[in-house]
Amino acid sequence: MVKRTEFGQIGEKAVLLVEKIFNEANWVCNRLYHDFGIDLHVKVFESGRTAPWEFHVQIKGTKHPHISKDRIHFDIDTEHLKDWRDSLLPVLFVICDVRSDKVYWLWIKKYLNKLNLDWQEQSIITLQIPANNQLRPEILPQLCTDLRRSFLMHEARKVIGLMEEPDEINRSSFGFNSPYYRPLTELGRSIKNPALARCILCGNYFWIEEGIAIAWEFVKIYEPYVYEPAVYDCDAPEEFCPVCMSGKGALEKCKNCGRYAVPEFDEIFEDWDNPLITWDEAKQLCHEYFEELMRSRECKLKNGNSI
Ligand SMILES: [Zn+2]
Ligand SMILES: [Zn+2]
């Protein structure tokens, strides 16, 4: 029983440490009690927003964190990990060193998504938290940005479903018929003002800086509600679509420069009567090189005639 009391004390101290950090930023913490200990439900109020961001915090207190190679190692059973992965809200996993008052954090869903190994097959896995990931008031804006991104990602999938399968009944089974379809990639930190772009060629959705979509005069095809991303039709796949530019999309590789370029459609080739470039040649060239070849052959022809 002595052990259990000490365990409880460590847990309580850990929760207090975390609550203190969030309370200073006026984030609202509510305690949730269950068999695994105490956790928090946190609401983040951002100025100008009608509703708060929300997330769960899973707190583990310890007197002896296992630190090796600048990482905190912590064993956890996969049953809990599966719950957190499937949780509707983002889950922040934290380890509190109650002797040094240091708190280390990790977005658990993102971490699990990145794990390549078959962690679900194991009963226990060892989480590795970078020792740099210390929860301090200064990093709360970063957590806020992460949260906004994670909600945007969540809403983006719904928006794509809505665009591709507007029929509510079939929404659960929506899918793309396009052979080029690739799932939406995670939203990185490099994009400041994220919007979705839909490639007019391959039909894939990808993240784009909204300012760029506007500057390129892409047509806005979805007006977002709060928390949702806007969607633009991307009619310059050769410049932006990651699927097309990887060679897995609808674009053809230019024989001259190796860039993936918009293919000329078959209708254009139907009555091909260009005397300078053959139909077969044209099909294998990007627009720029096609023009260049035209000019150089025109030149040659003129010079040839003038002699
Ligand atoms: Zn594409
Ligand atoms: Zn080219």
# chains A, B, ... in the order shown; residues from 1 in each chain; ligands from 1
>>> closest_atom_pairs(of="chain A", to="ligand 2", cutoff="7 Å", atoms="only C-alpha atoms and all ligand atoms", output="tab-separated table")
residue	atom	partner	partner_atom_place_in_ligand_line	distance
A:Cys254	CA	ligand 2	1 (Zn)	4.6
A:Lys255	CA	ligand 2	1 (Zn)	6.5
A:Asn256	CA	ligand 2	1 (Zn)	4.8
A:Cys257	CA	ligand 2	1 (Zn)	3.9
A:Gly258	CA	ligand 2	1 (Zn)	6.0
A:Arg259	CA	ligand 2	1 (Zn)	5.7
A:Leu285	CA	ligand 2	1 (Zn)	5.6
A:Cys286	CA	ligand 2	1 (Zn)	4.2
A:His287	CA	ligand 2	1 (Zn)	6.9
A:Glu288	CA	ligand 2	1 (Zn)	6.2
A:Tyr289	CA	ligand 2	1 (Zn)	5.0
>>> write_last_selection(atoms="N, CA and C atoms", output="PDB file, in the first residue's frame")
ATOM      1  N   CYS A 254       9.194  14.964 -70.433  1.00  0.00           N
ATOM      2  CA  CYS A 254       9.733  15.565 -71.657  1.00  0.00           C
ATOM      3  C   CYS A 254      11.044  14.867 -72.011  1.00  0.00           C
ATOM      4  N   LYS A 255      11.156  14.485 -73.271  1.00  0.00           N
ATOM      5  CA  LYS A 255      12.340  13.742 -73.698  1.00  0.00           C
ATOM      6  C   LYS A 255      13.586  14.620 -73.641  1.00  0.00           C
ATOM      7  N   ASN A 256      13.377  15.926 -73.754  1.00  0.00           N
ATOM      8  CA  ASN A 256      14.513  16.840 -73.785  1.00  0.00           C
ATOM      9  C   ASN A 256      15.026  17.210 -72.402  1.00  0.00           C
ATOM     10  N   CYS A 257      14.128  17.710 -71.528  1.00  0.00           N
ATOM     11  CA  CYS A 257      14.605  18.235 -70.235  1.00  0.00           C
ATOM     12  C   CYS A 257      14.278  17.317 -69.064  1.00  0.00           C
ATOM     13  N   GLY A 258      13.450  16.317 -69.298  1.00  0.00           N
ATOM     14  CA  GLY A 258      13.151  15.386 -68.220  1.00  0.00           C
ATOM     15  C   GLY A 258      12.071  15.862 -67.265  1.00  0.00           C
ATOM     16  N   ARG A 259      11.587  17.108 -67.454  1.00  0.00           N
ATOM     17  CA  ARG A 259      10.514  17.618 -66.588  1.00  0.00           C
ATOM     18  C   ARG A 259       9.210  16.926 -66.959  1.00  0.00           C
ATOM     19  N   LEU A 285       7.537  16.042 -75.980  1.00  0.00           N
ATOM     20  CA  LEU A 285       8.230  17.272 -75.581  1.00  0.00           C
ATOM     21  C   LEU A 285       7.373  18.177 -74.710  1.00  0.00           C
ATOM     22  N   CYS A 286       8.045  18.890 -73.802  1.00  0.00           N
ATOM     23  CA  CYS A 286       7.326  19.888 -73.016  1.00  0.00           C
ATOM     24  C   CYS A 286       7.065  21.100 -73.916  1.00  0.00           C
ATOM     25  N   HIS A 287       6.167  21.968 -73.435  1.00  0.00           N
ATOM     26  CA  HIS A 287       5.756  23.109 -74.242  1.00  0.00           C
ATOM     27  C   HIS A 287       6.957  23.989 -74.624  1.00  0.00           C
ATOM     28  N   GLU A 288       7.806  24.253 -73.628  1.00  0.00           N
ATOM     29  CA  GLU A 288       8.958  25.139 -73.845  1.00  0.00           C
ATOM     30  C   GLU A 288       9.864  24.591 -74.951  1.00  0.00           C
ATOM     31  N   TYR A 289      10.167  23.290 -74.869  1.00  0.00           N
ATOM     32  CA  TYR A 289      11.092  22.730 -75.838  1.00  0.00           C
ATOM     33  C   TYR A 289      10.452  22.613 -77.214  1.00  0.00           C
TER      34      TYR A 289
END
>>> residues_near_ligand(ligand="ligand 1", cutoff="8 Å", atoms="only C-alpha atoms and all ligand atoms", output="number ranges by chain")
A: 180, 198-204, 237-238, 241-245, 249-251
>>> write_last_selection(atoms="C-alpha atoms", output="PDB file, in the first residue's frame")
ATOM      1  CA  TYR A 180      -3.704   8.395 -59.841  1.00  0.00           C
ATOM      2  CA  ARG A 198      -7.170  19.900 -56.636  1.00  0.00           C
ATOM      3  CA  CYS A 199      -5.105  18.899 -59.645  1.00  0.00           C
ATOM      4  CA  ILE A 200      -7.134  19.280 -62.833  1.00  0.00           C
ATOM      5  CA  LEU A 201      -5.233  16.422 -64.444  1.00  0.00           C
ATOM      6  CA  CYS A 202      -4.884  13.660 -61.905  1.00  0.00           C
ATOM      7  CA  GLY A 203      -7.630  14.747 -59.490  1.00  0.00           C
ATOM      8  CA  ASN A 204      -5.429  14.574 -56.408  1.00  0.00           C
ATOM      9  CA  PRO A 237      -0.026  20.644 -62.386  1.00  0.00           C
ATOM     10  CA  GLU A 238       3.429  20.796 -63.929  1.00  0.00           C
ATOM     11  CA  CYS A 241       0.944  18.868 -58.202  1.00  0.00           C
ATOM     12  CA  PRO A 242       3.318  16.581 -56.268  1.00  0.00           C
ATOM     13  CA  VAL A 243       1.756  13.457 -57.765  1.00  0.00           C
ATOM     14  CA  CYS A 244       2.057  14.679 -61.361  1.00  0.00           C
ATOM     15  CA  MET A 245       5.563  15.988 -60.732  1.00  0.00           C
ATOM     16  CA  GLY A 249       0.289  11.388 -62.230  1.00  0.00           C
ATOM     17  CA  ALA A 250      -1.079  12.152 -65.665  1.00  0.00           C
ATOM     18  CA  LEU A 251       1.913  14.120 -66.878  1.00  0.00           C
TER      19      LEU A 251
END
>>> closest_residue(among="A:Leu40, A:Leu106, A:Cys96, A:Leu81", to="Ile124 in chain A", atoms="only C-alpha atoms")
A:Leu81
>>> residues_around(residues="Val219 in chain A", least_positions_apart="3", cutoff="10 Å", atoms="only C-alpha atoms", output="JSON, numbers by chain")
{"A": [197, 213, 214, 216, 222, 231, 232, 233, 234, 235]}
>>> write_last_selection(atoms="N, CA, C and O atoms", output="compact mmCIF listing (two decimals), in the first residue's frame")
# COMPACT_ATOMS: atom_id res chain seq x y z
N ALA A 197 -5.46 22.28 -52.90
CA ALA A 197 -5.52 22.43 -54.35
C ALA A 197 -5.94 21.09 -54.93
O ALA A 197 -5.54 20.04 -54.42
N ALA A 213 -1.99 30.17 -54.54
CA ALA A 213 -3.18 29.80 -55.32
C ALA A 213 -3.86 31.06 -55.85
O ALA A 213 -4.30 31.10 -57.01
N ILE A 214 -3.90 32.10 -55.01
CA ILE A 214 -4.54 33.36 -55.42
C ILE A 214 -3.70 34.06 -56.48
O ILE A 214 -4.20 34.52 -57.49
N TRP A 216 -1.73 32.79 -58.61
CA TRP A 216 -1.81 32.07 -59.90
C TRP A 216 -3.23 32.09 -60.47
O TRP A 216 -3.50 31.44 -61.47
N TYR A 222 -14.22 25.76 -53.42
CA TYR A 222 -14.91 25.47 -52.16
C TYR A 222 -14.66 26.61 -51.18
O TYR A 222 -13.51 26.94 -50.87
N VAL A 231 -10.67 25.28 -51.09
CA VAL A 231 -10.16 24.41 -52.15
C VAL A 231 -10.08 25.20 -53.46
O VAL A 231 -11.01 25.94 -53.80
N TYR A 232 -8.97 25.04 -54.15
CA TYR A 232 -8.75 25.71 -55.44
C TYR A 232 -8.48 24.66 -56.51
O TYR A 232 -7.87 23.63 -56.23
N ASP A 233 -8.93 24.96 -57.74
CA ASP A 233 -8.59 24.10 -58.87
C ASP A 233 -7.19 24.46 -59.33
O ASP A 233 -6.95 25.62 -59.68
N CYS A 234 -6.29 23.51 -59.32
CA CYS A 234 -4.92 23.80 -59.75
C CYS A 234 -4.79 23.47 -61.23
O CYS A 234 -4.80 22.30 -61.61
N ASP A 235 -4.70 24.51 -62.08
CA ASP A 235 -4.56 24.23 -63.51
C ASP A 235 -3.12 24.37 -63.98
O ASP A 235 -2.85 24.55 -65.16
>>> closest_residue(among="A:Ser246, A:Leu196, A:Arg99, A:Glu186", to="Pro224 in chain A", atoms="only C-alpha atoms")
A:Leu196
>>> closest_residue(among="A:Asp118, A:Glu291, A:Glu24, A:Glu239", to="Glu138 in chain A", atoms="only C-alpha atoms")
A:Glu24
>>> select_by_dssp(residues="range 71-306 of chain A", states="strand (DSSP E)", output="ChimeraX atom specification")
/A:71-77,91-97,102-107,124-130,194-199,205-209,219-222,231-234,252-253,260-261
>>> write_last_selection(atoms="N, CA and C atoms", output="CSV table (one decimal), in the first residue's frame")
chain,number,residue,atom,x,y,z
A,71,ARG,N,17.2,11.1,-25.5
A,71,ARG,CA,15.8,10.8,-25.7
A,71,ARG,C,15.3,10.2,-24.4
A,72,ILE,N,14.1,10.5,-24.0
A,72,ILE,CA,13.5,9.9,-22.9
A,72,ILE,C,12.8,8.6,-23.4
A,73,HIS,N,13.1,7.5,-22.8
A,73,HIS,CA,12.5,6.2,-23.2
A,73,HIS,C,11.4,5.8,-22.2
A,74,PHE,N,10.3,5.4,-22.7
A,74,PHE,CA,9.2,5.1,-21.8
A,74,PHE,C,8.4,4.0,-22.4
A,75,ASP,N,8.3,2.9,-21.6
A,75,ASP,CA,7.5,1.7,-22.1
A,75,ASP,C,6.0,1.9,-21.9
A,76,ILE,N,5.3,1.5,-22.9
A,76,ILE,CA,3.8,1.7,-22.8
A,76,ILE,C,3.1,0.6,-23.5
A,77,ASP,N,2.0,0.1,-22.9
A,77,ASP,CA,1.3,-1.0,-23.6
A,77,ASP,C,0.5,-0.6,-24.8
A,91,VAL,N,-4.0,13.9,-29.0
A,91,VAL,CA,-3.5,13.5,-27.6
A,91,VAL,C,-2.1,13.9,-27.4
A,92,LEU,N,-1.8,14.7,-26.4
A,92,LEU,CA,-0.5,15.1,-26.0
A,92,LEU,C,0.0,14.1,-24.9
A,93,PHE,N,1.0,13.4,-25.2
A,93,PHE,CA,1.6,12.5,-24.2
A,93,PHE,C,2.7,13.2,-23.5
A,94,VAL,N,2.6,13.3,-22.1
A,94,VAL,CA,3.7,13.9,-21.4
A,94,VAL,C,4.3,13.1,-20.3
A,95,ILE,N,5.6,13.2,-20.1
A,95,ILE,CA,6.3,12.5,-19.0
A,95,ILE,C,6.9,13.6,-18.1
A,96,CYS,N,6.5,13.5,-16.8
A,96,CYS,CA,7.0,14.5,-15.9
A,96,CYS,C,8.1,13.9,-15.0
A,97,ASP,N,9.2,14.5,-15.0
A,97,ASP,CA,10.3,14.2,-14.1
A,97,ASP,C,10.0,15.0,-12.8
A,102,LYS,N,10.9,18.8,-14.8
A,102,LYS,CA,10.9,18.9,-16.2
A,102,LYS,C,9.8,18.0,-16.8
A,103,VAL,N,9.1,18.6,-17.8
A,103,VAL,CA,8.0,17.9,-18.5
A,103,VAL,C,8.4,17.8,-20.0
A,104,TYR,N,8.3,16.5,-20.5
A,104,TYR,CA,8.6,16.3,-21.9
A,104,TYR,C,7.3,15.9,-22.6
A,105,TRP,N,7.2,16.3,-23.9
A,105,TRP,CA,5.9,16.1,-24.6
A,105,TRP,C,6.1,15.5,-25.9
A,106,LEU,N,4.9,15.0,-26.4
A,106,LEU,CA,4.9,14.3,-27.7
A,106,LEU,C,3.5,14.2,-28.2
A,107,TRP,N,3.2,14.6,-29.5
A,107,TRP,CA,1.9,14.4,-30.1
A,107,TRP,C,1.8,12.9,-30.4
A,124,ILE,N,4.0,-4.3,-25.9
A,124,ILE,CA,4.6,-3.1,-25.3
A,124,ILE,C,5.5,-2.4,-26.3
A,125,ILE,N,5.5,-1.1,-26.4
A,125,ILE,CA,6.5,-0.5,-27.2
A,125,ILE,C,7.1,0.6,-26.4
A,126,THR,N,8.4,1.0,-26.8
A,126,THR,CA,9.1,2.0,-26.0
A,126,THR,C,9.0,3.3,-26.8
A,127,LEU,N,8.3,4.3,-26.2
A,127,LEU,CA,8.3,5.6,-26.8
A,127,LEU,C,9.6,6.3,-26.6
A,128,GLN,N,10.0,7.1,-27.6
A,128,GLN,CA,11.2,7.9,-27.4
A,128,GLN,C,10.9,9.3,-27.6
A,129,ILE,N,11.0,10.1,-26.6
A,129,ILE,CA,10.7,11.5,-26.6
A,129,ILE,C,12.0,12.3,-26.7
A,130,PRO,N,12.2,13.2,-27.7
A,130,PRO,CA,13.4,14.0,-27.7
A,130,PRO,C,13.5,14.8,-26.4
A,194,PRO,N,-2.5,27.5,-45.1
A,194,PRO,CA,-2.7,26.3,-46.0
A,194,PRO,C,-4.1,26.4,-46.6
A,195,ALA,N,-4.2,26.0,-47.9
A,195,ALA,CA,-5.4,25.7,-48.6
A,195,ALA,C,-5.2,24.4,-49.4
A,196,LEU,N,-6.3,23.9,-49.8
A,196,LEU,CA,-6.2,22.6,-50.6
A,196,LEU,C,-6.2,23.0,-52.1
A,197,ALA,N,-5.5,22.3,-52.9
A,197,ALA,CA,-5.5,22.4,-54.3
A,197,ALA,C,-5.9,21.1,-54.9
A,198,ARG,N,-6.8,21.1,-56.0
A,198,ARG,CA,-7.2,19.9,-56.6
A,198,ARG,C,-6.6,19.9,-58.0
A,199,CYS,N,-5.8,18.9,-58.3
A,199,CYS,CA,-5.1,18.9,-59.6
A,199,CYS,C,-6.1,18.6,-60.7
A,205,TYR,N,-5.7,15.8,-54.4
A,205,TYR,CA,-5.7,17.0,-53.5
A,205,TYR,C,-4.3,17.1,-52.8
A,206,PHE,N,-3.8,18.4,-52.8
A,206,PHE,CA,-2.6,18.6,-52.0
A,206,PHE,C,-2.6,20.0,-51.4
A,207,TRP,N,-1.7,20.1,-50.4
A,207,TRP,CA,-1.7,21.4,-49.7
A,207,TRP,C,-0.9,22.5,-50.5
A,208,ILE,N,-1.4,23.7,-50.4
A,208,ILE,CA,-0.7,24.8,-51.1
A,208,ILE,C,-0.9,26.0,-50.3
A,209,GLU,N,0.1,26.9,-50.4
A,209,GLU,CA,0.0,28.2,-49.7
A,209,GLU,C,-1.1,29.0,-50.4
A,219,VAL,N,-9.0,29.0,-59.6
A,219,VAL,CA,-10.4,29.2,-59.3
A,219,VAL,C,-10.8,28.5,-57.9
A,220,LYS,N,-11.4,29.3,-57.0
A,220,LYS,CA,-11.8,28.8,-55.7
A,220,LYS,C,-13.0,27.9,-55.9
A,221,ILE,N,-12.9,26.6,-55.6
A,221,ILE,CA,-14.1,25.8,-55.9
A,221,ILE,C,-14.8,25.3,-54.6
A,222,TYR,N,-14.2,25.8,-53.4
A,222,TYR,CA,-14.9,25.5,-52.2
A,222,TYR,C,-14.7,26.6,-51.2
A,231,VAL,N,-10.7,25.3,-51.1
A,231,VAL,CA,-10.2,24.4,-52.2
A,231,VAL,C,-10.1,25.2,-53.5
A,232,TYR,N,-9.0,25.0,-54.2
A,232,TYR,CA,-8.7,25.7,-55.4
A,232,TYR,C,-8.5,24.7,-56.5
A,233,ASP,N,-8.9,25.0,-57.7
A,233,ASP,CA,-8.6,24.1,-58.9
A,233,ASP,C,-7.2,24.5,-59.3
A,234,CYS,N,-6.3,23.5,-59.3
A,234,CYS,CA,-4.9,23.8,-59.8
A,234,CYS,C,-4.8,23.5,-61.2
A,252,GLU,N,3.4,13.7,-68.7
A,252,GLU,CA,4.4,12.9,-69.5
A,252,GLU,C,5.8,13.6,-69.2
A,253,LYS,N,6.8,12.7,-69.3
A,253,LYS,CA,8.2,13.2,-69.1
A,253,LYS,C,8.7,13.7,-70.5
A,260,TYR,N,8.3,16.8,-66.0
A,260,TYR,CA,7.0,16.3,-66.3
A,260,TYR,C,6.2,17.5,-66.8
A,261,ALA,N,5.6,17.3,-67.9
A,261,ALA,CA,4.9,18.4,-68.6
A,261,ALA,C,3.5,17.9,-69.0
>>> atom_distance(atom1="CA of His80 in chain A", atom2="CA of Phe55 in chain A")
16.4 Å
>>> atom_distance(atom1="CA of Asp39 in chain A", atom2="CA of Gln58 in chain A")
5.1 Å
>>> closest_residue(among="A:Glu6, A:Lys63, A:Arg136, A:Lys158", to="Val18 in chain A", atoms="only C-alpha atoms")
A:Arg136
>>> residues_around(residues="range 269-280 of chain A", least_positions_apart="6", cutoff="12 Å", atoms="only C-alpha atoms", output="MDAnalysis selection string")
chainID A and resid 255 263 289:301
>>> select_by_dssp(residues="range 124-277 of chain A", states="alpha helix (DSSP H)", output="ChimeraX atom specification")
/A:140-164,210-215,237-240,242-245,266-270
>>> closest_residue(among="A:Leu184, A:Ile191, A:Ile38, A:Leu162", to="Val15 in chain A", atoms="only C-alpha atoms")
A:Ile38
>>> closest_residue(among="A:Val44, A:Leu143, A:Ile59, A:Ala236", to="Arg31 in chain A", atoms="only C-alpha atoms")
A:Ile59
>>> residues_around(residues="Phe45 in chain A", least_positions_apart="3", cutoff="7 Å", atoms="only C-alpha atoms", output="mmCIF file with all heavy atoms, in the first residue's frame")
data_model
loop_
_atom_site.group_PDB
_atom_site.id
_atom_site.type_symbol
_atom_site.label_atom_id
_atom_site.label_comp_id
_atom_site.auth_asym_id
_atom_site.auth_seq_id
_atom_site.Cartn_x
_atom_site.Cartn_y
_atom_site.Cartn_z
ATOM 1 N N TRP A 27 -5.183 28.527 -20.697
ATOM 2 C CA TRP A 27 -5.805 27.368 -21.324
ATOM 3 C C TRP A 27 -6.585 26.659 -20.209
ATOM 4 O O TRP A 27 -6.077 26.510 -19.098
ATOM 5 C CB TRP A 27 -4.753 26.427 -21.916
ATOM 6 C CG TRP A 27 -4.026 27.017 -23.096
ATOM 7 C CD1 TRP A 27 -4.044 28.324 -23.492
ATOM 8 C CD2 TRP A 27 -3.172 26.329 -24.015
ATOM 9 N NE1 TRP A 27 -3.260 28.505 -24.594
ATOM 10 C CE2 TRP A 27 -2.714 27.294 -24.952
ATOM 11 C CE3 TRP A 27 -2.750 25.008 -24.150
ATOM 12 C CZ2 TRP A 27 -1.856 26.961 -26.000
ATOM 13 C CZ3 TRP A 27 -1.892 24.688 -25.195
ATOM 14 C CH2 TRP A 27 -1.459 25.639 -26.116
ATOM 15 N N PRO A 52 -13.130 27.014 -28.992
ATOM 16 C CA PRO A 52 -11.739 26.693 -28.640
ATOM 17 C C PRO A 52 -11.230 25.451 -29.353
ATOM 18 O O PRO A 52 -12.005 24.637 -29.821
ATOM 19 C CB PRO A 52 -11.834 26.420 -27.150
ATOM 20 C CG PRO A 52 -13.217 25.895 -26.959
ATOM 21 C CD PRO A 52 -14.084 26.539 -28.003
ATOM 22 N N TRP A 53 -9.909 25.333 -29.458
ATOM 23 C CA TRP A 53 -9.297 24.067 -29.854
ATOM 24 C C TRP A 53 -9.312 23.181 -28.621
ATOM 25 O O TRP A 53 -9.201 23.673 -27.497
ATOM 26 C CB TRP A 53 -7.844 24.256 -30.283
ATOM 27 C CG TRP A 53 -7.615 25.290 -31.317
ATOM 28 C CD1 TRP A 53 -6.974 26.483 -31.141
ATOM 29 C CD2 TRP A 53 -7.983 25.242 -32.692
ATOM 30 N NE1 TRP A 53 -6.937 27.172 -32.329
ATOM 31 C CE2 TRP A 53 -7.560 26.420 -33.301
ATOM 32 C CE3 TRP A 53 -8.647 24.291 -33.468
ATOM 33 C CZ2 TRP A 53 -7.772 26.692 -34.641
ATOM 34 C CZ3 TRP A 53 -8.852 24.559 -34.795
ATOM 35 C CH2 TRP A 53 -8.424 25.747 -35.374
#
>>> decode(residues="range 221-242 of chain A", atoms="N, CA, C and O atoms", output="PDB file, in the first residue's frame")
ATOM      1  N   ILE A 221     -12.937  26.634 -55.606  1.00  0.00           N
ATOM      2  CA  ILE A 221     -14.085  25.764 -55.854  1.00  0.00           C
ATOM      3  C   ILE A 221     -14.770  25.345 -54.560  1.00  0.00           C
ATOM      4  O   ILE A 221     -15.774  24.648 -54.579  1.00  0.00           O
ATOM      5  N   TYR A 222     -14.215  25.758 -53.420  1.00  0.00           N
ATOM      6  CA  TYR A 222     -14.905  25.468 -52.156  1.00  0.00           C
ATOM      7  C   TYR A 222     -14.658  26.608 -51.176  1.00  0.00           C
ATOM      8  O   TYR A 222     -13.511  26.942 -50.872  1.00  0.00           O
ATOM      9  N   GLU A 223     -15.743  27.195 -50.719  1.00  0.00           N
ATOM     10  CA  GLU A 223     -15.681  28.291 -49.740  1.00  0.00           C
ATOM     11  C   GLU A 223     -15.750  27.660 -48.350  1.00  0.00           C
ATOM     12  O   GLU A 223     -16.729  27.003 -48.006  1.00  0.00           O
ATOM     13  N   PRO A 224     -14.697  27.795 -47.537  1.00  0.00           N
ATOM     14  CA  PRO A 224     -14.653  27.042 -46.275  1.00  0.00           C
ATOM     15  C   PRO A 224     -15.464  27.667 -45.144  1.00  0.00           C
ATOM     16  O   PRO A 224     -15.651  28.877 -45.110  1.00  0.00           O
ATOM     17  N   TYR A 225     -15.945  26.811 -44.259  1.00  0.00           N
ATOM     18  CA  TYR A 225     -16.472  27.260 -42.965  1.00  0.00           C
ATOM     19  C   TYR A 225     -15.276  27.425 -42.030  1.00  0.00           C
ATOM     20  O   TYR A 225     -14.155  27.083 -42.389  1.00  0.00           O
ATOM     21  N   VAL A 226     -15.542  27.923 -40.806  1.00  0.00           N
ATOM     22  CA  VAL A 226     -14.461  28.066 -39.832  1.00  0.00           C
ATOM     23  C   VAL A 226     -13.773  26.706 -39.668  1.00  0.00           C
ATOM     24  O   VAL A 226     -14.450  25.682 -39.665  1.00  0.00           O
ATOM     25  N   TYR A 227     -12.470  26.705 -39.554  1.00  0.00           N
ATOM     26  CA  TYR A 227     -11.633  25.499 -39.344  1.00  0.00           C
ATOM     27  C   TYR A 227     -11.403  24.684 -40.611  1.00  0.00           C
ATOM     28  O   TYR A 227     -10.610  23.755 -40.614  1.00  0.00           O
ATOM     29  N   GLU A 228     -12.138  24.987 -41.685  1.00  0.00           N
ATOM     30  CA  GLU A 228     -11.944  24.187 -42.892  1.00  0.00           C
ATOM     31  C   GLU A 228     -10.976  24.890 -43.841  1.00  0.00           C
ATOM     32  O   GLU A 228     -10.847  26.108 -43.812  1.00  0.00           O
ATOM     33  N   PRO A 229     -10.306  24.127 -44.710  1.00  0.00           N
ATOM     34  CA  PRO A 229      -9.464  24.771 -45.724  1.00  0.00           C
ATOM     35  C   PRO A 229     -10.291  25.106 -46.968  1.00  0.00           C
ATOM     36  O   PRO A 229     -11.247  24.396 -47.276  1.00  0.00           O
ATOM     37  N   ALA A 230      -9.912  26.168 -47.673  1.00  0.00           N
ATOM     38  CA  ALA A 230     -10.531  26.467 -48.965  1.00  0.00           C
ATOM     39  C   ALA A 230      -9.961  25.491 -49.985  1.00  0.00           C
ATOM     40  O   ALA A 230      -8.905  24.907 -49.761  1.00  0.00           O
ATOM     41  N   VAL A 231     -10.674  25.283 -51.092  1.00  0.00           N
ATOM     42  CA  VAL A 231     -10.156  24.412 -52.152  1.00  0.00           C
ATOM     43  C   VAL A 231     -10.076  25.200 -53.462  1.00  0.00           C
ATOM     44  O   VAL A 231     -11.007  25.936 -53.800  1.00  0.00           O
ATOM     45  N   TYR A 232      -8.967  25.043 -54.151  1.00  0.00           N
ATOM     46  CA  TYR A 232      -8.748  25.708 -55.437  1.00  0.00           C
ATOM     47  C   TYR A 232      -8.480  24.663 -56.514  1.00  0.00           C
ATOM     48  O   TYR A 232      -7.872  23.626 -56.227  1.00  0.00           O
ATOM     49  N   ASP A 233      -8.925  24.956 -57.736  1.00  0.00           N
ATOM     50  CA  ASP A 233      -8.590  24.102 -58.868  1.00  0.00           C
ATOM     51  C   ASP A 233      -7.191  24.462 -59.335  1.00  0.00           C
ATOM     52  O   ASP A 233      -6.945  25.617 -59.678  1.00  0.00           O
ATOM     53  N   CYS A 234      -6.290  23.506 -59.325  1.00  0.00           N
ATOM     54  CA  CYS A 234      -4.923  23.803 -59.752  1.00  0.00           C
ATOM     55  C   CYS A 234      -4.792  23.474 -61.233  1.00  0.00           C
ATOM     56  O   CYS A 234      -4.798  22.302 -61.610  1.00  0.00           O
ATOM     57  N   ASP A 235      -4.701  24.514 -62.079  1.00  0.00           N
ATOM     58  CA  ASP A 235      -4.564  24.227 -63.511  1.00  0.00           C
ATOM     59  C   ASP A 235      -3.115  24.368 -63.981  1.00  0.00           C
ATOM     60  O   ASP A 235      -2.850  24.548 -65.164  1.00  0.00           O
ATOM     61  N   ALA A 236      -2.186  24.286 -63.050  1.00  0.00           N
ATOM     62  CA  ALA A 236      -0.767  24.251 -63.428  1.00  0.00           C
ATOM     63  C   ALA A 236      -0.094  23.063 -62.732  1.00  0.00           C
ATOM     64  O   ALA A 236       0.793  23.228 -61.909  1.00  0.00           O
ATOM     65  N   PRO A 237      -0.551  21.838 -63.072  1.00  0.00           N
ATOM     66  CA  PRO A 237      -0.026  20.644 -62.386  1.00  0.00           C
ATOM     67  C   PRO A 237       1.481  20.498 -62.542  1.00  0.00           C
ATOM     68  O   PRO A 237       2.148  19.992 -61.649  1.00  0.00           O
ATOM     69  N   GLU A 238       1.992  20.964 -63.687  1.00  0.00           N
ATOM     70  CA  GLU A 238       3.429  20.796 -63.929  1.00  0.00           C
ATOM     71  C   GLU A 238       4.254  21.663 -62.987  1.00  0.00           C
ATOM     72  O   GLU A 238       5.447  21.455 -62.825  1.00  0.00           O
ATOM     73  N   GLU A 239       3.624  22.630 -62.338  1.00  0.00           N
ATOM     74  CA  GLU A 239       4.337  23.489 -61.391  1.00  0.00           C
ATOM     75  C   GLU A 239       4.098  23.064 -59.940  1.00  0.00           C
ATOM     76  O   GLU A 239       4.918  23.314 -59.074  1.00  0.00           O
ATOM     77  N   PHE A 240       2.923  22.500 -59.647  1.00  0.00           N
ATOM     78  CA  PHE A 240       2.548  22.314 -58.240  1.00  0.00           C
ATOM     79  C   PHE A 240       2.168  20.893 -57.815  1.00  0.00           C
ATOM     80  O   PHE A 240       2.444  20.521 -56.686  1.00  0.00           O
ATOM     81  N   CYS A 241       1.503  20.140 -58.685  1.00  0.00           N
ATOM     82  CA  CYS A 241       0.944  18.868 -58.202  1.00  0.00           C
ATOM     83  C   CYS A 241       2.068  17.864 -57.899  1.00  0.00           C
ATOM     84  O   CYS A 241       2.787  17.432 -58.793  1.00  0.00           O
ATOM     85  N   PRO A 242       2.221  17.487 -56.623  1.00  0.00           N
ATOM     86  CA  PRO A 242       3.318  16.581 -56.268  1.00  0.00           C
ATOM     87  C   PRO A 242       3.178  15.214 -56.915  1.00  0.00           C
ATOM     88  O   PRO A 242       4.182  14.551 -57.181  1.00  0.00           O
TER      89      PRO A 242
END
